[in-house]
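Step one of this worksheet: look at the structure below.
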Amino acid sequence: MALLPVGTLCAQEQPLFRKAGAPLDQRVSDLLHTLTLSEKISLLGYNSPAIERLHIPAYNWWNEALHGIARGGEATVFPQAVGLSASFNAPLAKAVAASISTEARAKYNLAVAAGRHVQYMGLNFWTPNINIFRDPRWGRGQETYGEDPYLTGVMAGAFVQGLQGDEPGALKTAACAKHFAVHSGPEADRHSFNAVVDEKDLRETYLYAFKKMVDGHVESIMCAYNRVNSQPCCTGNTLLQDILRKEWKFGGQVVTDCWALDDIWLRHKAIPTREEVAAAAIKAGVNLDCANILQDDVLKAIDKGWLKPAEVDSALSASLRTQMKLGLYDAPGASRYSGYGADSVNNAWHTALALQAARESMVLLKNNGVLPLRADKYASMLVTGSNSASLEALMGNYHGVSGNMVTFTAGLSKAAGPGMALQYDQGCDFTDTLHFGGIWASQNCDVTVAVIGLTPLLEGEEGDAFLSASGGDKNSLSLPRSQVVFMQKLRAAHKKPIIAVVTAGSAVDVSAIEPYADAIIFAWYPGEQGGNALADIIFGKYSPAGRLPVTFYQSLQDLPDYKDYSMKNRTYRYFTGKVAYPFGFGLSYTTFAYDWQQAPAAGYKANDTIRMSVQVRNTGSMDGDEVLQAYITYPNQERMPLKELKAFKRVHVKQGGTTAVTLEIPMAELQKWDLQQQRWKLYKGTYGVHIGSSSADFRLTRNIVVK
């Protein structure tokens with residue numbers, strides 16, 4: 001009998017922890033009583049070894065799925081997170097994440113069947129990154145959902161739902177909200193900086209989306225490298241105990257960022273030794289270490305009397321619950337996902353979804369009427385620019401790989417078809433300001449598409465963006481000088497249409513190339529179908545409707561110091577200067593008119609919900625999407641936001657058609673943190689409810705009174 005696989009043993013011979021129908025807490029308790037102390041400690045790290053005597057295989061917790069399964073072989077590559085956020089389409093975010101979790105189950109099944117228990121093939125994802133993109137210099141801002149807490153909460157919340165599935169008491173995959181908290185650069189100092197922030201900014205900006213994730217039952221939270229108000233995020237009681245566990249009642253798993261515990265004694269020097277860090281992390285509520293301090297030093301801490309074995313049980317129990325909800329201790333074949341195989345990975349449906357997401361993410365910043373192109377009007381085209389055939393510009397960071405990668409050149413070539421004389425020339429690179437190609441070809445073509453901008457080699461995580469001069473961050477908003485000169489030379493060569501396509505994961509200075517382009521499309525890092533999506537937009541198969549999830553500033557000189565975490569004069573919520581492009585901005589090929597169907601009531605109380613309905617009419621010449629955005633302006637109180645997004649919806653309206661859109665804002669969303677009373681408070685007074693197509697374009701307004 002001992003030679004038989006665990007799954008073939010009779011049900012009555014199975015230990016309780018393997019009985020899928022038993023209560024979860026009883027299963028966890030049974031396994032804890034079965035494991036020895038040394039075995040328990042060995043399971044406190046991300047690279048958990050096998051427990052041979054219990055037939056428990058090794059499991060590597062480290063897995064990424066920022067915009068598709070990353071670093072784990074073939075997988076569908078969706079638009080980078082900031083681009084997905086630009087869609088302003090929460091159901092789309094959920095669908096994208098659901099397809100990612102389907103691919104994860106398939107890849108996990110294939111790996112386990114082959115006896116492989118390796119990194120990046122598990123069912124736990126350290127996704128999404130919900131830090132606030134407070135400053136355009138931050139290289140990892142591309143991983144986030146932008147600068148707005150509400151947009152981040154809604155889009156990331158939908159993504160978490162898609163990853164975790166809809167089966168009660170079970171998980172399709174396990175999501176993890178990171179990095180808790182107040183972590184958005186500088187990258188070069190991320191292992192040692194101390195984010196100083198008062199309680200108002202902490203609650204209203206930096207913790208808002210984390211609270212939404214906890215309320216939405218995200219399975220895991222990752223604590224960050226930095227300190228917040230001098231407390232290391234992975235051992236400080238304020239974040240992990242007082243707020244996360246006690247106030248928010250989070251019962252899931254807390255995992256450290258990778259080697260964050262080493263930072264506490266090596267770089268922050270907040271705690272002197274590894275053993276003391278291990279004890280402090282366990283006591284603060286850390287369950288899993290993305291490194292090996294807990295595995296190596298918890299027993300030493302117990303021997304010194306700093307920890308008790310019962311505290312190890314408490315720490316491990318959260319991780320065991322997660323694994324059991326994933327079905328990792330169930331019999332093979334018991335999962336509803338056990339049949340997923342290779343045909344569930346990067347299939348036609350997922351490819352089509354990647355195309356939809358890429359099309360919805362792209363933002364039209366300028367159009368003098370040249371777009372959409374009429375194919376019968378142009379006999380020839382040049383596709384050029386440093387990123388026109390770049391895979392890096394499609395992928396973003398934390399990416400997977402796919403055999404379906406469609407570059408901008410390839411997508412435009414296919415869409416143009418054999419009847420158009422289309423040429424390709426790289427034209428420029430990122431550094432050379434003297435030598436250029438494609439100028440003669442551009443003169444001889446009817447239209448030029450120049451794909452320029454950044455790649456994740458120039459902005460991203462410390463170490464990964466190895467061409468960044470600032471440790472992964474940007475030290476300016478400027479596009480590479482070579483690209484600006486290239487655009488100047490193209491424009492000087494002729495007066496025929498030039499369409500600029502800009503790739504980046506953050507705000508850049510578009511004004512430097514704006515005079516030389518007839519149209520500008522901001523494409524982000526659009527994923528494997530980026531080339532096809534761009535072609536659909538340029539040739540008018542699809543009307544763009546993406547919206548900026550970040551403010552495009554005119555200059556970094558308009559912003560506070562990068563290391564200043566106060567929200568004063570940051571993001572559209574508090575910035576008082578003139579901007580290049582406002583939060584929520586994006587053009588379309590068609591036009592829309594708004595009318596109240598049901599305006600907000602005149603007055604509201606604390607437990608009420610603002611309900612309103614808007615008639616959206618497509619008054620233009622083609623079908624298209626519109627993104628309705630509802631903003632609140634506040635009574636004249638100290639440190640109120642200038643305006644704040646509190647509802648949005650993307651809708652499709654046919655040419656000449658009308659669609660009714662209902663929006664709701666619970667009054668609880670209007671509460672602000674009272675620094676004196678240390679609690680949330682709904683201030684009385686007159687508020688403005690504004691419906692528009694961006695944060696700077698209000699079409700409908702009603703004042704309401706909070707009594």
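Lettering and numbering for the structure tokens are positional, with chains as A, B, ... in the shown order, residues counted from 1 in each chain, and ligands counted from 1 in the shown order.
Taking only C-alpha atoms, the non-local environment of Pro15 of chain A within 10 Å (same-chain residues fewer than 2 positions away omitted) comprises Ala11, Gln12, Glu13, Phe17, Arg18, Lys19, Arg27, Asp30, Leu31, Thr34 and Leu54 of chain A.
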Open item on the list: Residues within 7 Å of Tyr340 of chain A, please, as a VMD selection string. Count only C-alpha atoms; anything in the same chain fewer than 2 positions from it doesn't count.
Closed with: chain A and resid 105 to 106 337 to 338 344
Dump of N, CA and C atoms for the selected residues, as a compact mmCIF listing (two decimals), in the first residue's frame:
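Output contents, as saved in result.txt:
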```txt
# COMPACT_ATOMS: atom_id res chain seq x y z
N ARG A 105 -3.54 27.35 -14.57
CA ARG A 105 -3.97 26.00 -14.22
C ARG A 105 -3.47 24.98 -15.25
N ALA A 106 -3.54 25.34 -16.52
CA ALA A 106 -3.07 24.43 -17.55
C ALA A 106 -1.57 24.17 -17.42
N TYR A 337 -10.48 22.24 -12.45
CA TYR A 337 -9.54 22.72 -13.45
C TYR A 337 -8.54 21.65 -13.88
N SER A 338 -8.72 20.43 -13.42
CA SER A 338 -7.71 19.39 -13.66
C SER A 338 -7.61 19.00 -15.13
N SER A 344 -5.33 25.21 -23.56
CA SER A 344 -5.83 26.35 -22.80
C SER A 344 -4.82 27.49 -22.73
```
TODO: Fewer than 2 positions away in the same chain doesn't count, so skip those; otherwise give me all residues within 12 Å of Pro582 of chain A, counting only C-alpha atoms, as number ranges by chain.
DONE: A: 147, 365, 507, 547-554, 571-573, 575-580, 584-587, 693-697
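Neighbouring residues of segment 221-238 of chain A at 7 Å or closer, counting only C-alpha atoms and skipping chain neighbours under 4 positions away, are Cys176, Ala177, Lys178, His179, Phe180, Ala181, Val182, His183, Arg190, His191, Ser192, Phe193, Asn194, Ala195, Val196, Val197, Asp242, Ile243, Gln253, Val254, Val255, Thr256, Asp257, Ala260, Leu261, Ile264, Ala280, Ala281 and Ala284 of chain A.
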Open item on the list: I'd like the contact shell of segment 648-659 of chain A - 9 Å cut-off, only C-alpha atoms, skipping same-chain residues fewer than 2 positions apart - returned as a ChimeraX atom specification.
Closed with: /A:87-90,151,545,590,592,614-631,645-646,661-663
- [ ] May I have the residues within 9 Å of Val118 of chain A as a list in words, using only C-alpha atoms and disregarding those fewer than 5 positions away in the same chain?
- [x] Asn47, Ala58, Tyr59, Asn60 and Ala111 of chain A
Output the selection as a PDB file, in the first residue's frame - C-alpha atoms for each residue.
```
ATOM      1  CA  ASN A  47      11.019  27.716  -2.085  1.00  0.00           C
ATOM      2  CA  ALA A  58       8.109  20.738  -3.243  1.00  0.00           C
ATOM      3  CA  TYR A  59       6.329  23.983  -4.016  1.00  0.00           C
ATOM      4  CA  ASN A  60       7.756  27.269  -5.247  1.00  0.00           C
ATOM      5  CA  ALA A 111       4.318  20.730 -15.000  1.00  0.00           C
TER       6      ALA A 111
END
```
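Reported to one decimal place, the separation of atom CA of Leu479 of chain A from atom CA of Met405 of chain A is 24.7 Å.
Nearest to Tyr329 of chain A of all the residues A:Lys541, A:Val218, A:Leu16, A:Ile665 is A:Leu16, based on only C-alpha atoms.
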Task: Spatial neighbours of Ala469 of chain A, 10 Å, only C-alpha atoms, chain gap at least 6 places, as a ChimeraX atom specification - done: /A:458-459,475
Open item on the list: If DSSP is run on the backbone, what residues of segment 140-373 of chain A are alpha helix (DSSP H)? A reply as a ChimeraX atom specification would be ideal.
Closed with: /A:149-164,199-201,208-215,237,260-266,274-284,293-303,309-325,348-361
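Considering the residues A:Ala410, A:Ala310, A:Met395, A:Met121 and counting only C-alpha atoms, Leu32 of chain A has its shortest atom-to-atom contact with A:Ala310.
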Task: Length of the atom CA of Trp306 of chain A to atom CA of Asn287 of chain A vector [Å] - done: 16.8 Å
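Of the listed residues A:Glu638, A:Asp198, A:Asp25, A:Glu103, the one whose atoms come nearest to Ala342 of chain A is A:Glu103, with distances taken using only C-alpha atoms.
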TODO: Measuring atom to atom with only C-alpha atoms, identify which of A:Ala278, A:Val28, A:Ala209, A:Val82 is nearest to Val154 of chain A.
DONE: A:Ala209
Open item on the list: Can you tell me, as a PyMOL selection string, which residues in segment 579-647 of chain A count as strand (DSSP E) by DSSP?
Closed with: chain A and resi 579-581+592-598+603-604+609-618+624-633+644-647
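The spacing separating atom CA of Ala492 of chain A from atom CA of Asp446 of chain A amounts to 15.1 Å.
Of the listed residues A:Ser29, A:Gln557, A:Thr591, A:Ser402, the one whose atoms come nearest to Ser476 of chain A is A:Gln557, with distances taken using only C-alpha atoms.
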